[in-house]
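Next up, run_23.pdb (PDB, C-alpha atoms):
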```pdb
ATOM      1  CA  MET D  54      88.548-110.383 -32.070
ATOM      2  CA  THR D  55      91.873-110.438 -33.852
ATOM      3  CA  PRO D  56      94.371-112.066 -31.458
ATOM      4  CA  ALA D  57      97.752-110.633 -30.566
ATOM      5  CA  ALA D  58      99.112-114.110 -29.745
ATOM      6  CA  LEU D  59      98.031-117.744 -29.829
ATOM      7  CA  LEU D  60      98.649-119.924 -26.758
ATOM      8  CA  LEU D  61      98.179-123.683 -27.084
ATOM      9  CA  ASP D  62      98.074-126.734 -24.851
ATOM     10  CA  PHE D  63     100.303-129.670 -25.811
ATOM     11  CA  GLY D  64      98.469-132.964 -25.173
ATOM     12  CA  GLY D  65      95.183-133.199 -27.057
ATOM     13  CA  VAL D  66      95.891-130.033 -29.061
ATOM     14  CA  LEU D  67      99.367-129.992 -30.563
ATOM     15  CA  ALA D  68      99.964-133.709 -30.251
ATOM     16  CA  ASP D  69      98.419-136.901 -29.003
ATOM     17  CA  SER D  70      99.279-140.546 -28.633
ATOM     18  CA  PRO D  71      97.670-143.848 -27.765
ATOM     19  CA  SER D  72      98.516-144.561 -24.150
ATOM     20  CA  PRO D  73     101.370-147.080 -23.752
ATOM     21  CA  GLY D  74      99.995-148.035 -20.350
ATOM     22  CA  ALA D  75     101.041-146.814 -16.939
ATOM     23  CA  ALA D  76     104.145-149.007 -16.775
ATOM     24  CA  PRO D  77     106.085-149.046 -20.078
ATOM     25  CA  PRO D  78     108.316-152.161 -20.129
ATOM     26  CA  GLU D  79     111.443-150.159 -20.942
ATOM     27  CA  LEU D  80     110.862-147.927 -17.916
ATOM     28  CA  VAL D  81     110.291-150.960 -15.692
ATOM     29  CA  LEU D  82     113.619-152.391 -16.880
ATOM     30  CA  ARG D  83     115.401-149.074 -16.308
ATOM     31  CA  LEU D  84     114.070-148.887 -12.757
ATOM     32  CA  TYR D  85     114.961-152.534 -12.117
ATOM     33  CA  ASN D  86     118.575-151.869 -13.137
ATOM     34  CA  LEU D  87     118.720-148.528 -11.323
ATOM     35  CA  THR D  88     117.534-150.060  -8.049
ATOM     36  CA  GLU D  89     119.897-153.029  -8.493
ATOM     37  CA  GLY D  90     117.170-155.651  -8.323
ATOM     38  CA  ARG D  91     115.836-154.627  -4.920
ATOM     39  CA  LEU D  92     112.336-154.973  -6.380
ATOM     40  CA  THR D  93     111.047-157.438  -8.934
ATOM     41  CA  PRO D  94     109.849-156.189 -12.337
ATOM     42  CA  GLY D  95     106.325-157.095 -11.243
ATOM     43  CA  GLU D  96     106.598-154.989  -8.100
ATOM     44  CA  ILE D  97     107.928-152.060 -10.112
ATOM     45  CA  SER D  98     105.180-152.398 -12.707
ATOM     46  CA  ARG D  99     102.458-152.470 -10.054
ATOM     47  CA  ALA D 100     103.968-149.451  -8.297
ATOM     48  CA  LEU D 101     104.053-147.498 -11.552
ATOM     49  CA  THR D 102     100.445-148.408 -12.353
ATOM     50  CA  ALA D 103      99.188-147.464  -8.892
ATOM     51  CA  GLY D 104     101.334-144.337  -8.894
ATOM     52  CA  SER D 105     100.022-143.279 -12.279
ATOM     53  CA  ASP D 106      96.431-143.652 -11.080
ATOM     54  CA  ALA D 107      97.122-141.700  -7.886
ATOM     55  CA  TYR D 108      98.973-138.946  -9.757
ATOM     56  CA  ALA D 109      96.116-138.715 -12.283
ATOM     57  CA  ALA D 110      93.594-138.326  -9.456
ATOM     58  CA  TRP D 111      95.734-135.576  -7.923
ATOM     59  CA  ARG D 112      95.998-133.814 -11.311
ATOM     60  CA  ASP D 113      92.205-133.654 -11.504
ATOM     61  CA  LEU D 114      92.099-131.566  -8.336
ATOM     62  CA  ASP D 115      92.199-127.798  -8.622
ATOM     63  CA  GLU D 116      95.746-127.585  -7.325
ATOM     64  CA  PRO D 117      97.483-124.240  -7.935
ATOM     65  CA  ALA D 118     101.055-125.506  -7.524
ATOM     66  CA  GLU D 119     102.895-128.204  -9.439
ATOM     67  CA  LEU D 120     104.858-130.992  -7.777
ATOM     68  CA  GLY D 121     108.562-131.359  -8.459
ATOM     69  CA  HIS D 122     109.967-134.480 -10.100
ATOM     70  CA  GLU D 123     111.337-135.903  -6.854
ATOM     71  CA  GLU D 124     108.042-135.388  -5.032
ATOM     72  CA  VAL D 125     105.987-137.082  -7.752
ATOM     73  CA  TRP D 126     108.097-140.217  -7.491
ATOM     74  CA  SER D 127     108.392-140.255  -3.699
ATOM     75  CA  ARG D 128     104.724-139.472  -3.139
ATOM     76  CA  PHE D 129     103.051-141.666  -5.754
ATOM     77  CA  VAL D 130     105.456-144.441  -6.787
ATOM     78  CA  THR D 131     108.192-145.293  -4.278
ATOM     79  CA  PRO D 132     106.923-144.612  -0.699
ATOM     80  CA  SER D 133     106.960-148.321   0.230
ATOM     81  CA  TRP D 134     110.214-149.177  -1.582
ATOM     82  CA  PRO D 135     113.445-149.998   0.279
ATOM     83  CA  LEU D 136     115.269-146.836   1.282
ATOM     84  CA  ALA D 137     118.188-147.526  -1.061
ATOM     85  CA  ALA D 138     115.797-147.900  -3.988
ATOM     86  CA  GLN D 139     113.969-144.697  -3.016
ATOM     87  CA  GLU D 140     117.244-142.817  -2.939
ATOM     88  CA  ALA D 141     118.333-144.169  -6.346
ATOM     89  CA  VAL D 142     115.065-142.942  -7.849
ATOM     90  CA  ARG D 143     115.324-139.570  -6.091
ATOM     91  CA  LEU D 144     118.780-138.955  -7.518
ATOM     92  CA  ASN D 145     117.532-139.746 -11.030
ATOM     93  CA  ALA D 146     114.012-138.309 -10.754
ATOM     94  CA  THR D 147     114.325-135.776 -13.572
ATOM     95  CA  ARG D 148     115.630-138.284 -16.118
ATOM     96  CA  LEU D 149     113.041-140.845 -15.032
ATOM     97  CA  SER D 150     110.303-138.223 -15.354
ATOM     98  CA  TYR D 151     111.436-137.566 -18.920
ATOM     99  CA  ASP D 152     111.279-141.275 -19.699
ATOM    100  CA  TRP D 153     107.828-141.657 -18.093
ATOM    101  CA  THR D 154     106.525-138.670 -20.061
ATOM    102  CA  TRP D 155     108.007-139.454 -23.484
ATOM    103  CA  ARG D 156     105.790-141.228 -26.014
ATOM    104  CA  SER D 157     107.371-142.758 -29.108
ATOM    105  CA  THR D 158     103.865-142.756 -30.599
ATOM    106  CA  TRP D 159     103.269-139.016 -30.218
ATOM    107  CA  ALA D 160     102.044-137.433 -33.449
ATOM    108  CA  LEU D 161     100.952-133.933 -34.328
ATOM    109  CA  ARG D 162      97.173-133.581 -34.410
ATOM    110  CA  PRO D 163      95.678-133.251 -37.919
ATOM    111  CA  GLY D 164      95.911-129.723 -39.261
ATOM    112  CA  ILE D 165      98.233-128.477 -36.536
ATOM    113  CA  PRO D 166     101.201-127.719 -38.833
ATOM    114  CA  GLU D 167      98.854-125.811 -41.128
ATOM    115  CA  ALA D 168      97.359-123.834 -38.235
ATOM    116  CA  LEU D 169     100.758-122.963 -36.773
ATOM    117  CA  HIS D 170     102.161-121.818 -40.110
ATOM    118  CA  ALA D 171      99.004-119.799 -40.838
ATOM    119  CA  ALA D 172      99.354-118.058 -37.482
ATOM    120  CA  ARG D 173     102.991-117.239 -38.090
ATOM    121  CA  ALA D 174     102.185-116.023 -41.619
ATOM    122  CA  ILE D 175      99.973-113.272 -40.158
ATOM    123  CA  GLY D 176     102.543-112.372 -37.536
ATOM    124  CA  LEU D 177     101.055-114.041 -34.463
ATOM    125  CA  PRO D 178     103.551-115.114 -31.801
ATOM    126  CA  LEU D 179     102.937-118.656 -30.549
ATOM    127  CA  ALA D 180     103.375-120.184 -27.105
ATOM    128  CA  VAL D 181     102.865-123.612 -25.580
ATOM    129  CA  VAL D 182     101.165-123.513 -22.159
ATOM    130  CA  SER D 183     100.842-127.041 -20.797
ATOM    131  CA  ASN D 184     100.670-129.119 -17.638
ATOM    132  CA  THR D 185     103.137-131.978 -17.717
ATOM    133  CA  LEU D 186     105.423-134.093 -15.596
ATOM    134  CA  CYS D 187     108.362-133.197 -17.855
ATOM    135  CA  GLY D 188     108.265-130.320 -20.320
ATOM    136  CA  ALA D 189     111.659-131.260 -21.748
ATOM    137  CA  ALA D 190     110.088-134.311 -23.395
ATOM    138  CA  HIS D 191     107.405-132.163 -25.036
ATOM    139  CA  ARG D 192     109.973-129.610 -26.165
ATOM    140  CA  ASP D 193     112.110-132.317 -27.774
ATOM    141  CA  PHE D 194     109.115-133.834 -29.561
ATOM    142  CA  LEU D 195     108.076-130.497 -31.065
ATOM    143  CA  ALA D 196     111.641-129.859 -32.229
ATOM    144  CA  ASN D 197     111.873-133.308 -33.805
ATOM    145  CA  ALA D 198     108.467-132.799 -35.455
ATOM    146  CA  GLY D 199     109.783-129.663 -37.150
ATOM    147  CA  VAL D 200     107.509-127.128 -35.421
ATOM    148  CA  GLY D 201     109.427-126.267 -32.249
ATOM    149  CA  SER D 202     111.073-123.216 -33.809
ATOM    150  CA  LEU D 203     107.637-121.699 -34.534
ATOM    151  CA  PHE D 204     107.076-121.056 -30.823
ATOM    152  CA  THR D 205     108.413-117.938 -29.153
ATOM    153  CA  THR D 206     108.139-119.588 -25.740
ATOM    154  CA  GLN D 207     107.062-122.883 -24.172
ATOM    155  CA  ILE D 208     105.670-122.797 -20.634
ATOM    156  CA  TYR D 209     105.442-126.155 -18.841
ATOM    157  CA  SER D 210     104.083-126.686 -15.356
ATOM    158  CA  ASP D 211     107.048-128.672 -14.041
ATOM    159  CA  GLU D 212     109.317-125.768 -14.951
ATOM    160  CA  ALA D 213     106.935-122.956 -13.940
ATOM    161  CA  GLY D 214     106.033-124.500 -10.566
ATOM    162  CA  VAL D 215     102.300-123.922 -11.094
ATOM    163  CA  ARG D 216      99.681-125.778 -13.106
ATOM    164  CA  LYS D 217      96.465-124.989 -14.945
ATOM    165  CA  PRO D 218      93.849-123.859 -14.105
ATOM    166  CA  ASN D 219      96.141-121.537 -12.144
ATOM    167  CA  PRO D 220      96.065-118.408 -14.363
ATOM    168  CA  GLU D 221      99.749-117.788 -13.671
ATOM    169  CA  MET D 222     100.504-120.315 -16.430
ATOM    170  CA  ILE D 223      98.939-118.010 -19.022
ATOM    171  CA  TRP D 224     100.269-114.845 -17.378
ATOM    172  CA  HIS D 225     103.780-116.315 -17.495
ATOM    173  CA  ALA D 226     103.436-116.780 -21.254
ATOM    174  CA  VAL D 227     102.022-113.321 -22.012
ATOM    175  CA  ARG D 228     104.749-111.641 -19.944
ATOM    176  CA  THR D 229     107.321-113.434 -22.061
ATOM    177  CA  LEU D 230     105.514-112.453 -25.268
ATOM    178  CA  SER D 231     104.974-108.847 -24.055
ATOM    179  CA  VAL D 232     101.313-108.867 -25.105
ATOM    180  CA  PRO D 233      98.194-108.144 -23.001
ATOM    181  CA  THR D 234      96.337-111.192 -21.735
ATOM    182  CA  GLU D 235      93.015-109.891 -23.017
ATOM    183  CA  ALA D 236      94.419-109.841 -26.551
ATOM    184  CA  CYS D 237      95.376-113.552 -26.568
ATOM    185  CA  TRP D 238      93.549-116.716 -27.571
ATOM    186  CA  TYR D 239      94.075-119.823 -25.473
ATOM    187  CA  VAL D 240      93.446-123.245 -27.034
ATOM    188  CA  GLY D 241      93.040-126.393 -24.930
ATOM    189  CA  ASP D 242      91.152-129.693 -24.844
ATOM    190  CA  SER D 243      89.880-129.573 -21.251
ATOM    191  CA  TYR D 244      86.958-127.593 -19.875
ATOM    192  CA  ARG D 245      88.222-128.186 -16.331
ATOM    193  CA  ARG D 246      91.786-127.055 -16.837
ATOM    194  CA  ASP D 247      92.073-125.093 -20.076
ATOM    195  CA  ILE D 248      88.831-123.183 -20.476
ATOM    196  CA  ALA D 249      88.767-122.477 -16.733
ATOM    197  CA  CYS D 250      92.369-121.255 -16.860
ATOM    198  CA  ALA D 251      91.648-118.944 -19.801
ATOM    199  CA  ARG D 252      88.650-117.448 -17.989
ATOM    200  CA  ARG D 253      90.569-116.944 -14.737
ATOM    201  CA  ALA D 254      93.454-115.322 -16.579
ATOM    202  CA  GLY D 255      91.214-112.991 -18.573
ATOM    203  CA  ALA D 256      92.259-114.286 -21.996
ATOM    204  CA  GLY D 257      90.540-112.672 -24.964
ATOM    205  CA  ALA D 258      89.149-115.992 -26.175
ATOM    206  CA  ALA D 259      89.008-119.563 -24.882
ATOM    207  CA  ILE D 260      88.901-122.170 -27.638
ATOM    208  CA  LEU D 261      88.095-125.817 -26.954
ATOM    209  CA  PHE D 262      89.990-128.257 -29.170
ATOM    210  CA  ARG D 263      88.181-131.583 -28.892
ATOM    211  CA  SER D 264      90.175-134.690 -28.004
ATOM    212  CA  PRO D 265      89.247-138.082 -26.508
ATOM    213  CA  ARG D 266      89.772-136.531 -23.056
ATOM    214  CA  THR D 267      87.218-133.807 -23.719
ATOM    215  CA  ALA D 268      84.373-136.324 -23.773
ATOM    216  CA  LYS D 269      85.205-137.415 -20.214
ATOM    217  CA  GLU D 270      84.140-134.025 -18.826
ATOM    218  CA  ILE D 271      80.634-132.660 -18.285
ATOM    219  CA  PRO D 272      80.470-129.292 -20.102
ATOM    220  CA  ALA D 273      77.697-127.927 -17.884
ATOM    221  CA  ASP D 274      80.014-128.170 -14.865
ATOM    222  CA  HIS D 275      82.565-125.773 -16.350
ATOM    223  CA  PRO D 276      82.902-122.389 -18.109
ATOM    224  CA  GLU D 277      81.846-122.324 -21.755
ATOM    225  CA  PRO D 278      84.396-121.801 -24.536
ATOM    226  CA  ASP D 279      84.066-119.081 -27.143
ATOM    227  CA  ALA D 280      84.535-121.601 -29.957
ATOM    228  CA  ILE D 281      84.948-125.356 -30.412
ATOM    229  CA  VAL D 282      87.103-126.997 -33.086
ATOM    230  CA  ASP D 283      87.788-130.624 -33.935
ATOM    231  CA  ASP D 284      91.242-130.299 -35.489
ATOM    232  CA  GLY D 285      93.936-127.878 -36.536
ATOM    233  CA  PHE D 286      92.125-127.043 -39.740
ATOM    234  CA  GLY D 287      89.194-125.742 -37.705
ATOM    235  CA  LEU D 288      91.581-123.649 -35.630
ATOM    236  CA  ARG D 289      93.241-122.285 -38.759
ATOM    237  CA  ASP D 290      89.847-121.259 -40.119
ATOM    238  CA  LEU D 291      89.188-119.158 -37.003
ATOM    239  CA  LEU D 292      92.277-117.045 -37.638
ATOM    240  CA  PRO D 293      91.839-113.715 -39.400
ATOM    241  CA  VAL D 294      92.948-113.760 -43.039
TER     242      VAL D 294
END
```

Let me see the file written as structure tokens.
Amino acid sequence: MTPAALLLDFGGVLADSPSPGAAPPELVLRLYNLTEGRLTPGEISRALTAGSDAYAAWRDLDEPAELGHEEVWSRFVTPSWPLAAQEAVRLNATRLSYDWTWRSTWALRPGIPEALHAARAIGLPLAVVSNTLCGAAHRDFLANAGVGSLFTTQIYSDEAGVRKPNPEMIWHAVRTLSVPTEACWYVGDSYRRDIACARRAGAGAAILFRSPRTAKEIPADHPEPDAIVDDGFGLRDLLPV
């Protein structure tokens, strides 16, 4: 089918990055200064690593609602910290979430600029629909990469209050675009979250964009995509001329 809009995930589709580890040194230092030395850098690093693992396990559950910035930190990172340190983190949770999310090594996936420009050239509106701890970091990266202005809207779970595979993420985007859900393509790198979300929402097509994370899932356990691509060039070639 010819799509009326193209909706895309961020991580694994638009951009990707080698992981810097669960406890980036600059974030450890920022937390050490923020909490006025109430915890050692080692204690902070271990808390971030354990918190990252626990948050990742929670993200793999089929949870319909997203956690707020303050709750992520208080639930997964700081529950055993001194009360004064917990409060300092709570008051700065949004900025800290930005810093924990941001990757200086983010790069657009191969062929993505070409695919986005091809879509815009045939008049397709574009939207980002992505789970994330901090959508502001993703939005800033796309702007700095020179493609942010190509998107009519960007829907991020921390701002929407829900997370994929909750279909409300896609419905939020199509309401903003004023197009029917069944006329949209959704592109993501996860069977569990993205393809399932597209099917629940009733999207016109669900396209799997392979990434290193894709290989960690068992395809037979999840809905099948309508097409599979390996890069942005493959996505571009699916678009009608």

Set out as JSON lines a contact list for segment 171-286 of chain D and segment 156-167 of chain D with a cut-off of 9 Å, giving each residue of segment 171-286 of chain D that qualifies its closest atom pair and distance in Å to one decimal, counting all atoms listed in the file, ordered by chain and rising residue number.
```
{"residue": "D:Ala171", "atom": "CA", "partner": "D:Glu167", "partner_atom": "CA", "distance": 6.0}
{"residue": "D:Ala172", "atom": "CA", "partner": "D:Glu167", "partner_atom": "CA", "distance": 8.6}
{"residue": "D:Ala190", "atom": "CA", "partner": "D:Arg156", "partner_atom": "CA", "distance": 8.6}
{"residue": "D:Phe194", "atom": "CA", "partner": "D:Trp159", "partner_atom": "CA", "distance": 7.8}
{"residue": "D:Leu195", "atom": "CA", "partner": "D:Leu161", "partner_atom": "CA", "distance": 8.6}
{"residue": "D:Ala198", "atom": "CA", "partner": "D:Leu161", "partner_atom": "CA", "distance": 7.7}
{"residue": "D:Gly199", "atom": "CA", "partner": "D:Pro166", "partner_atom": "CA", "distance": 9.0}
{"residue": "D:Val200", "atom": "CA", "partner": "D:Pro166", "partner_atom": "CA", "distance": 7.2}
{"residue": "D:Asp284", "atom": "CA", "partner": "D:Pro163", "partner_atom": "CA", "distance": 5.9}
{"residue": "D:Gly285", "atom": "CA", "partner": "D:Gly164", "partner_atom": "CA", "distance": 3.8}
{"residue": "D:Phe286", "atom": "CA", "partner": "D:Gly164", "partner_atom": "CA", "distance": 4.7}
```

For the selection just defined, write its residues with C-alpha atoms to a file, as a PDB file, in the frame of the given file.
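Output (result.pdb):
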```
ATOM      1  CA  ALA D 171      99.004-119.799 -40.838  1.00  0.00           C
ATOM      2  CA  ALA D 172      99.354-118.058 -37.482  1.00  0.00           C
ATOM      3  CA  ALA D 190     110.088-134.311 -23.395  1.00  0.00           C
ATOM      4  CA  PHE D 194     109.115-133.834 -29.561  1.00  0.00           C
ATOM      5  CA  LEU D 195     108.076-130.497 -31.065  1.00  0.00           C
ATOM      6  CA  ALA D 198     108.467-132.799 -35.455  1.00  0.00           C
ATOM      7  CA  GLY D 199     109.783-129.663 -37.150  1.00  0.00           C
ATOM      8  CA  VAL D 200     107.509-127.128 -35.421  1.00  0.00           C
ATOM      9  CA  ASP D 284      91.242-130.299 -35.489  1.00  0.00           C
ATOM     10  CA  GLY D 285      93.936-127.878 -36.536  1.00  0.00           C
ATOM     11  CA  PHE D 286      92.125-127.043 -39.740  1.00  0.00           C
TER      12      PHE D 286
END
```

Task: Test item: the PyMOL selection byres ((chain D and resi 65) around 12) resolved as a ChimeraX atom specification - done: /D:61-64,66-71,159-163,165,183-184,240-243,247,261-268,282-285

For Arg216 of chain D: contacts at 9 Å, only C-alpha atoms, fewer than 2 positions along chain excluded, given as a PDB file with C-alpha atoms, keeping the file's coordinate frame:
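That gives us selection.pdb:
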```pdb
ATOM      1  CA  ASP D 115      92.199-127.798  -8.622  1.00  0.00           C
ATOM      2  CA  GLU D 116      95.746-127.585  -7.325  1.00  0.00           C
ATOM      3  CA  PRO D 117      97.483-124.240  -7.935  1.00  0.00           C
ATOM      4  CA  ALA D 118     101.055-125.506  -7.524  1.00  0.00           C
ATOM      5  CA  GLU D 119     102.895-128.204  -9.439  1.00  0.00           C
ATOM      6  CA  SER D 183     100.842-127.041 -20.797  1.00  0.00           C
ATOM      7  CA  ASN D 184     100.670-129.119 -17.638  1.00  0.00           C
ATOM      8  CA  THR D 185     103.137-131.978 -17.717  1.00  0.00           C
ATOM      9  CA  TYR D 209     105.442-126.155 -18.841  1.00  0.00           C
ATOM     10  CA  SER D 210     104.083-126.686 -15.356  1.00  0.00           C
ATOM     11  CA  ASP D 211     107.048-128.672 -14.041  1.00  0.00           C
ATOM     12  CA  ALA D 213     106.935-122.956 -13.940  1.00  0.00           C
ATOM     13  CA  GLY D 214     106.033-124.500 -10.566  1.00  0.00           C
ATOM     14  CA  PRO D 218      93.849-123.859 -14.105  1.00  0.00           C
ATOM     15  CA  ASN D 219      96.141-121.537 -12.144  1.00  0.00           C
ATOM     16  CA  PRO D 220      96.065-118.408 -14.363  1.00  0.00           C
ATOM     17  CA  GLU D 221      99.749-117.788 -13.671  1.00  0.00           C
ATOM     18  CA  MET D 222     100.504-120.315 -16.430  1.00  0.00           C
ATOM     19  CA  ARG D 246      91.786-127.055 -16.837  1.00  0.00           C
TER      20      ARG D 246
END
```

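The spacing separating atom CA of Leu101 of chain D from atom CA of Val130 of chain D amounts to 5.8 Å.
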
Task: For segment 133-141 of chain D: contacts at 8 Å, all atoms listed in the file, fewer than 2 positions along chain excluded, given as a count of residues only - done: 10

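Distances here use all atoms listed in the file; by that measure, the residue among D:Ala58, D:Thr229, D:Phe129, D:Lys217 closest to Leu114 of chain D is D:Lys217.
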
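Comparing the minimum interatomic distances between Ile248 of chain D and each of D:Leu59, D:Ala280, D:Leu82, D:Leu230, counting only C-alpha atoms, we find that D:Ala280 sits nearest.
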
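Across the structure, atom CA of Gly257 of chain D and atom CA of Ile223 of chain D are spaced 11.6 Å apart.
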
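As for atom CA of Arg228 of chain D and atom CA of Ile260 of chain D, they are spaced 20.5 Å apart.
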
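The shortest atom-to-atom distance to Leu292 of chain D, with all atoms listed in the file taken into account, belongs to D:Ala258 out of D:Ala258, D:Ala273, D:Gly121, D:Thr234.
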
TODO: Measuring atom to atom with only C-alpha atoms, identify which of D:Glu235, D:Asp274, D:Glu79, D:Asp113 is nearest to Asp152 of chain D.
DONE: D:Glu79

First collect every listed atom of segment 184-191 of chain D; then fit an axis-aligned box around them, widen it by 5 Å on each side, and give centre and edge lengths in Å to one decimal, as JSON.
```
{"center_x": 106.2, "center_y": -131.7, "center_z": -20.3, "size_x": 21.0, "size_y": 15.2, "size_z": 19.4}
```

Task: Picked residues, the PyMOL selection byres ((chain D and resi 94) around 10), expected as a ChimeraX atom specification - done: /D:78,81-86,90-93,95-100

Open item on the list: Show me, as number ranges by chain, the residues that have an atom within 9 Å of Thr55 of chain D when counting all atoms listed in the file, minus same-chain residues fewer than 3 positions from it.
Closed with: D: 236-237, 292-293

- [ ] Kindly indicate which residue among D:Ile281, D:Val227, D:Val125, D:Leu80 lies nearest to Pro178 of chain D, using only C-alpha atoms for the distances.
- [x] D:Val227

TODO: With all atoms listed in the file counted, which protein, DNA or RNA residues have an atom no more than 8 Å from (107.5, -134.7, -21.5) in the file frame? Please answer as a VMD selection string.
DONE: chain D and resid 150 to 155 185 to 192
